[in-house]
>>> print(open('protein-v5.csv').read())   # CSV, C-alpha atoms
chain,number,residue,atom,x,y,z
A,1,MET,CA,15.5,63.6,83.6
A,2,HIS,CA,19.2,63.1,84.0
A,3,LEU,CA,20.7,60.7,86.3
A,4,TYR,CA,24.1,61.6,88.0
A,5,SER,CA,26.5,59.2,89.7
A,6,ARG,CA,27.0,59.9,93.3
A,7,TYR,CA,30.7,59.1,92.9
A,8,GLN,CA,33.1,61.7,91.4
A,9,SER,CA,35.2,60.5,88.5
A,10,GLY,CA,39.1,61.0,88.7
A,11,LEU,CA,41.6,61.8,86.0
A,12,SER,CA,42.6,59.2,83.6
A,13,ILE,CA,46.2,58.0,83.0
A,14,VAL,CA,46.2,59.7,79.6
A,15,GLU,CA,45.1,63.0,81.2
A,16,LEU,CA,47.8,62.8,83.8
A,17,LEU,CA,50.5,62.1,81.2
A,18,VAL,CA,49.3,65.0,79.1
A,19,ALA,CA,49.4,67.3,82.2
A,20,LEU,CA,52.9,66.1,83.1
A,21,LEU,CA,54.1,66.7,79.5
A,22,LEU,CA,52.7,70.2,79.4
A,23,SER,CA,54.2,71.0,82.9
A,24,SER,CA,57.6,69.6,81.8
A,25,ILE,CA,57.6,71.8,78.7
A,26,LEU,CA,56.7,74.9,80.7
A,27,VAL,CA,59.3,74.2,83.4
A,28,GLY,CA,61.9,73.5,80.7
A,29,GLY,CA,61.2,76.8,79.0
A,30,VAL,CA,61.5,78.7,82.2
A,31,LEU,CA,64.7,76.9,83.0
A,32,GLN,CA,66.2,77.7,79.6
A,33,VAL,CA,65.4,81.4,80.0
A,34,PHE,CA,67.0,81.4,83.4
A,35,LEU,CA,70.2,79.7,82.2
A,36,SER,CA,70.4,82.0,79.2
A,37,SER,CA,70.1,85.0,81.4
A,38,ASN,CA,72.7,83.7,83.8
A,39,ARG,CA,75.1,83.1,81.0
A,40,THR,CA,74.5,86.6,79.7
A,41,TYR,CA,75.1,88.1,83.1
A,42,ALA,CA,78.3,86.2,83.7
A,43,THR,CA,79.7,87.1,80.3
A,44,THR,CA,78.8,90.8,80.8
A,45,GLU,CA,80.3,90.9,84.3
A,46,ALA,CA,83.5,89.2,83.0
A,47,LEU,CA,83.7,91.7,80.1
A,48,ALA,CA,83.3,94.6,82.5
A,49,ARG,CA,86.0,93.3,84.8
A,50,THR,CA,88.4,92.7,81.9
A,51,GLN,CA,87.9,96.2,80.6
A,52,GLU,CA,88.4,97.7,84.0
A,53,ASN,CA,91.6,95.8,84.5
A,54,GLY,CA,93.0,96.8,81.1
A,55,ARG,CA,92.1,100.5,81.4
A,56,PHE,CA,93.5,100.8,85.0
A,57,ALA,CA,96.8,99.2,83.8
A,58,LEU,CA,97.2,101.5,80.9
A,59,GLU,CA,96.4,104.5,83.1
A,60,PHE,CA,99.1,103.6,85.7
A,61,ILE,CA,101.7,103.3,82.9
A,62,ALA,CA,100.5,106.4,81.1
A,63,GLN,CA,100.8,108.6,84.2
A,64,ASN,CA,104.4,107.6,84.7
A,65,ALA,CA,105.2,108.0,81.0
A,66,ARG,CA,103.9,111.5,81.0
A,67,LEU,CA,106.1,112.3,84.0
A,68,ALA,CA,109.2,110.5,82.7
A,69,GLY,CA,112.2,112.8,82.6
A,70,TYR,CA,110.7,115.3,85.0
A,71,LEU,CA,113.2,117.2,87.1
A,72,GLU,CA,112.7,120.2,89.4
A,73,PRO,CA,114.7,123.2,88.1
A,74,TYR,CA,116.6,123.6,91.4
A,75,LEU,CA,118.2,120.2,91.2
A,76,LEU,CA,121.8,120.7,90.0
A,77,THR,CA,122.1,117.4,88.1
A,78,THR,CA,122.1,116.2,84.5
A,79,LYS,CA,118.6,115.8,83.2
A,80,PRO,CA,118.0,112.1,82.8
A,81,LEU,CA,116.5,110.4,79.8
A,82,PRO,CA,112.8,109.4,80.3
A,83,LEU,CA,113.7,105.7,80.1
A,84,ALA,CA,116.4,103.4,81.5
A,85,GLN,CA,117.9,101.6,78.5
A,86,PRO,CA,118.3,97.8,78.0
A,87,ASN,CA,121.5,96.5,79.6
A,88,CYS,CA,121.6,99.8,81.4
A,89,ASN,CA,124.0,98.7,84.1
A,90,TRP,CA,122.2,101.1,86.3
A,91,PRO,CA,122.1,101.5,89.2
A,92,SER,CA,123.8,98.1,89.2
A,93,SER,CA,124.7,95.4,86.7
A,94,ALA,CA,121.4,93.7,87.2
A,95,ASP,CA,118.9,94.0,84.4
A,96,VAL,CA,116.1,94.1,87.0
A,97,HIS,CA,116.5,97.9,86.8
A,98,CYS,CA,116.4,98.2,83.0
A,99,THR,CA,113.9,98.3,80.2
A,100,ILE,CA,113.6,94.8,78.9
A,101,ASN,CA,112.3,93.3,75.6
A,102,ALA,CA,111.1,89.7,76.3
A,103,ALA,CA,108.1,87.4,76.1
A,104,THR,CA,106.5,89.9,78.4
A,105,ASP,CA,108.2,93.3,78.4
A,106,GLN,CA,109.4,95.6,81.2
A,107,VAL,CA,109.8,99.4,81.1
A,108,THR,CA,111.6,101.7,83.5
A,109,PHE,CA,110.7,105.4,83.7
A,110,ILE,CA,113.2,107.9,85.4
A,111,LEU,CA,111.8,111.0,87.1
A,112,GLN,CA,111.7,113.1,90.2
A,113,PRO,CA,108.2,112.6,91.6
A,114,PRO,CA,106.2,115.9,91.6
A,115,LEU,CA,104.7,117.2,94.8
A,116,ILE,CA,101.2,115.9,95.4
A,117,ARG,CA,98.7,117.3,97.9
A,118,ASP,CA,95.6,115.2,98.6
A,119,ASP,CA,94.5,117.1,101.6
A,120,PRO,CA,94.8,120.9,102.0
A,121,ASN,CA,95.6,120.4,105.7
A,122,ILE,CA,98.6,118.1,105.0
A,123,ALA,CA,101.9,119.0,103.4
A,124,ALA,CA,102.4,117.9,99.8
A,125,THR,CA,104.6,114.9,99.3
A,126,ARG,CA,106.5,113.1,96.5
A,127,ARG,CA,105.5,109.5,95.8
A,128,ASP,CA,106.6,106.5,93.9
A,129,CYS,CA,104.5,104.3,91.6
A,130,ALA,CA,103.0,102.4,94.6
A,131,GLY,CA,102.0,105.6,96.4
A,132,ASN,CA,104.8,105.5,99.0
A,133,SER,CA,106.5,108.7,100.1
A,134,VAL,CA,109.8,109.6,98.4
A,135,ALA,CA,112.4,111.8,100.0
A,136,GLU,CA,113.0,115.3,98.7
A,137,ASP,CA,115.7,115.7,96.0
A,138,THR,CA,115.4,112.1,95.0
A,139,VAL,CA,115.3,110.9,91.4
A,140,ILE,CA,113.7,107.5,91.1
A,141,ALA,CA,113.1,104.8,88.5
A,142,ASN,CA,109.7,103.2,88.4
A,143,THR,CA,109.8,99.8,86.8
A,144,PHE,CA,106.6,98.3,85.4
A,145,HIS,CA,106.5,94.5,84.9
A,146,ILE,CA,104.2,91.5,85.2
A,147,LEU,CA,104.2,89.4,88.3
A,148,PRO,CA,102.9,85.9,87.8
A,149,ALA,CA,100.4,84.2,90.1
A,150,ASP,CA,101.7,82.9,93.4
A,151,ASP,CA,100.5,81.4,96.6
A,152,ASN,CA,99.2,84.7,97.9
A,153,ASN,CA,97.6,85.8,94.6
A,154,PRO,CA,96.0,83.5,92.1
A,155,PHE,CA,96.2,86.0,89.2
A,156,PRO,CA,99.0,87.6,87.2
A,157,SER,CA,99.3,91.3,87.9
A,158,LEU,CA,100.8,94.5,86.6
A,159,ALA,CA,103.4,95.4,89.2
A,160,CYS,CA,105.7,98.2,89.9
A,161,THR,CA,109.1,98.4,91.7
A,162,THR,CA,110.8,101.7,92.6
A,163,PHE,CA,114.6,102.3,92.8
A,164,SER,CA,116.6,105.3,93.7
A,165,ILE,CA,119.1,106.1,91.0
A,166,ASP,CA,121.6,107.1,93.7
A,167,ASP,CA,121.2,104.1,96.0
A,168,PRO,CA,120.2,100.8,94.4
A,169,THR,CA,119.6,99.3,97.8
A,170,ALA,CA,116.8,101.8,98.4
A,171,PHE,CA,113.8,100.5,96.6
A,172,THR,CA,110.2,99.6,97.1
A,173,PRO,CA,109.5,95.9,96.7
A,174,ALA,CA,107.3,94.9,93.8
A,175,VAL,CA,103.8,96.0,94.4
A,176,ARG,CA,100.8,94.5,92.5
A,177,LEU,CA,98.9,97.4,91.0
A,178,VAL,CA,96.2,95.7,88.8
A,179,ASP,CA,95.3,92.0,89.0
A,180,GLY,CA,94.3,90.1,85.8
A,181,ILE,CA,97.1,91.6,83.6
A,182,GLU,CA,99.1,88.7,82.1
A,183,ASN,CA,101.2,90.3,79.4
A,184,LEU,CA,102.8,93.7,78.7
A,185,GLN,CA,104.3,94.7,75.3
A,186,LEU,CA,105.9,98.0,74.4
A,187,LEU,CA,107.2,99.8,71.3
A,188,TYR,CA,109.3,102.9,71.4
A,189,GLY,CA,108.7,105.9,69.1
A,190,GLU,CA,112.0,107.0,67.6
A,191,SER,CA,112.9,109.8,65.3
A,192,THR,CA,115.6,108.9,62.8
A,193,SER,CA,115.1,112.2,60.9
A,194,GLY,CA,116.8,114.4,63.4
A,195,ASP,CA,113.5,116.0,64.6
A,196,PRO,CA,112.7,114.8,68.1
A,197,GLN,CA,109.1,116.0,67.7
A,198,SER,CA,108.5,113.8,64.7
A,199,VAL,CA,108.3,110.0,65.4
A,200,ASN,CA,108.8,108.1,62.2
A,201,ARG,CA,109.0,104.6,63.6
A,202,PHE,CA,107.9,102.4,66.5
A,203,VAL,CA,110.3,99.6,67.4
A,204,SER,CA,111.0,97.1,70.2
A,205,ALA,CA,113.6,97.9,72.8
A,206,ASP,CA,116.3,95.8,71.2
A,207,ARG,CA,115.9,97.7,67.9
A,208,VAL,CA,116.2,101.3,69.2
A,209,SER,CA,119.2,102.9,67.6
A,210,ASP,CA,119.5,105.9,69.9
A,211,TRP,CA,117.5,106.3,73.1
A,212,ALA,CA,118.0,110.0,73.1
A,213,ASN,CA,115.7,110.1,70.0
A,214,VAL,CA,112.9,108.2,71.7
A,215,SER,CA,110.0,110.6,72.4
A,216,ALA,CA,107.0,108.4,72.6
A,217,ILE,CA,105.9,104.9,73.8
A,218,ARG,CA,103.2,102.5,72.6
A,219,VAL,CA,101.8,100.2,75.3
A,220,ALA,CA,99.7,97.1,75.0
A,221,VAL,CA,98.4,94.9,77.8
A,222,LEU,CA,96.5,91.6,77.8
A,223,ALA,CA,93.9,91.6,80.5
A,224,ASN,CA,91.8,88.7,81.6
A,225,SER,CA,88.5,88.2,83.5
A,226,MET,CA,90.0,86.5,86.6
A,227,GLY,CA,87.6,83.6,86.3
A,228,ARG,CA,86.0,81.3,83.8
A,229,THR,CA,83.1,82.7,81.8
A,230,ALA,CA,79.8,81.0,80.8
A,231,ASN,CA,80.9,80.8,77.2
A,232,ASP,CA,84.4,79.5,78.0
A,233,ALA,CA,84.3,76.9,75.3
A,234,ASN,CA,84.6,79.6,72.7
A,235,ALA,CA,87.1,81.8,74.5
A,236,PRO,CA,89.9,82.8,72.1
A,237,ARG,CA,93.5,81.9,73.0
A,238,ASN,CA,95.6,83.8,70.4
A,239,PHE,CA,96.2,87.5,70.7
A,240,THR,CA,98.4,90.1,68.9
A,241,LEU,CA,99.9,92.7,71.2
A,242,LEU,CA,101.7,95.2,68.9
A,243,ASP,CA,104.5,93.2,67.3
A,244,THR,CA,104.1,90.1,69.5
A,245,ARG,CA,101.8,87.0,69.2
A,246,VAL,CA,100.6,85.7,72.6
A,247,ASN,CA,99.1,82.3,73.1
A,248,ALA,CA,97.0,82.4,76.2
A,249,ALA,CA,96.2,79.4,78.4
A,250,ASN,CA,93.1,77.3,77.6
A,251,ASP,CA,91.5,78.1,80.9
A,252,GLY,CA,88.2,79.5,79.7
A,253,GLN,CA,88.8,83.1,80.8
A,254,LEU,CA,87.7,86.1,78.8
A,255,ARG,CA,90.6,88.2,77.5
A,256,GLN,CA,91.1,91.5,75.7
A,257,VAL,CA,93.9,93.6,74.4
A,258,PHE,CA,94.2,97.3,75.4
A,259,THR,CA,96.6,99.7,73.6
A,260,THR,CA,97.6,103.3,74.0
A,261,THR,CA,100.3,105.7,72.8
A,262,ILE,CA,101.9,108.3,75.0
A,263,ARG,CA,104.3,111.1,74.1
A,264,PHE,CA,107.0,112.1,76.6
A,265,HIS,CA,106.5,115.7,77.8
A,266,ASN,CA,109.8,116.3,79.6
A,267,LEU,CA,112.4,116.2,76.8
A,268,ASP,CA,115.2,118.6,76.3
>>> encode(input="protein-v5.csv", output="structure tokens")
Amino acid sequence: MHLYSRYQSGLSIVELLVALLLSSILVGGVLQVFLSSNRTYATTEALARTQENGRFALEFIAQNARLAGYLEPYLLTTKPLPLAQPNCNWPSSADVHCTINAATDQVTFILQPPLIRDDPNIAATRRDCAGNSVAEDTVIANTFHILPADDNNPFPSLACTTFSIDDPTAFTPAVRLVDGIENLQLLYGESTSGDPQSVNRFVSADRVSDWANVSAIRVAVLANSMGRTANDANAPRNFTLLDTRVNAANDGQLRQVFTTTIRFHNLD
């Protein structure tokens, strides 16, 4: 016959400590999985944002490069070169209108905007690089450059300014097209063999010997994630954009270089 105590025995201190230890290990493992997943998500999101910024920036420039030199046949004017040259003194003496080789480059495409019809019920219009309407018979210069961060926008951006080649006071103020673009570098494809269809060297703007022989352009942009990433301690800071070495800020942002080459279609 077994005798049982009428009082229930509790857990001992040792049992409580073991239970707390096991619970801590379990919670720590779950927390580690959560933090790892959160870091992976943040890095993936930053990479996607960076790639989107870089691709949009290249597409804006590529669209204008393909149209550079375009002129309607009815316009009785000299066909312009696709690009405004450095120190172009056009349409004024200010280099703000010109193609520039610098720490971050600037490129100016000259064209008559083609007619675009977005709605079949609305008349087709001509537009500048910011999407603003351009008057008929107007040849413009679309200048692509980098705008630094300011009080209204905390990120550097690919921007565009449009000028009329006939009236330098008629222009569209700089419009930010793509945020998170902090550097722009360009090389110009030149034929020194006499065959304009055969590019045999790509050089910076200050090394082009004859702009009439430039028939292609190589573009590189440095895009960032517009925010710190989870793995910011290992974020690289040095990047090569074509022939230029760029040292980025130590701000923990994810960065990536995007490059493309475009041939001009509207050459003589």
>>> atom_distance(input="protein-v5.csv", atom1="atom CA of Ala212 of chain A", atom2="atom CA of Glu72 of chain A")
19.9 Å
>>> residues_around(input="protein-v5.csv", residues="Ile217 of chain A", least_positions_apart="6", cutoff="8 Å", atoms="all atoms listed in the file", output="list in words")
Ala65, Leu186, Leu187, Tyr188, Gly189, Phe202, Thr261, Ile262, Arg263 and Phe264 of chain A
>>> closest_residue(input="protein-v5.csv", among="A:Gln197, A:Gln51, A:Ala103, A:His97", to="Leu241 of chain A", atoms="only C-alpha atoms")
A:Ala103
>>> residues_near_point(input="protein-v5.csv", point="(110.0, 102.3, 87.6)", cutoff="8 Å", atoms="only C-alpha atoms", output="list in words")
His97, Val107, Thr108, Phe109, Ile110, Cys129, Ile140, Ala141, Asn142, Thr143, Phe144, Cys160, Thr161, Thr162 and Phe163 of chain A
>>> atom_distance(input="protein-v5.csv", atom1="atom CA of Arg255 of chain A", atom2="atom CA of Asp128 of chain A")
29.3 Å
>>> closest_residue(input="protein-v5.csv", among="A:Asp179, A:Asp118, A:Glu45, A:Asp195", to="Asp150 of chain A", atoms="all atoms listed in the file")
A:Asp179
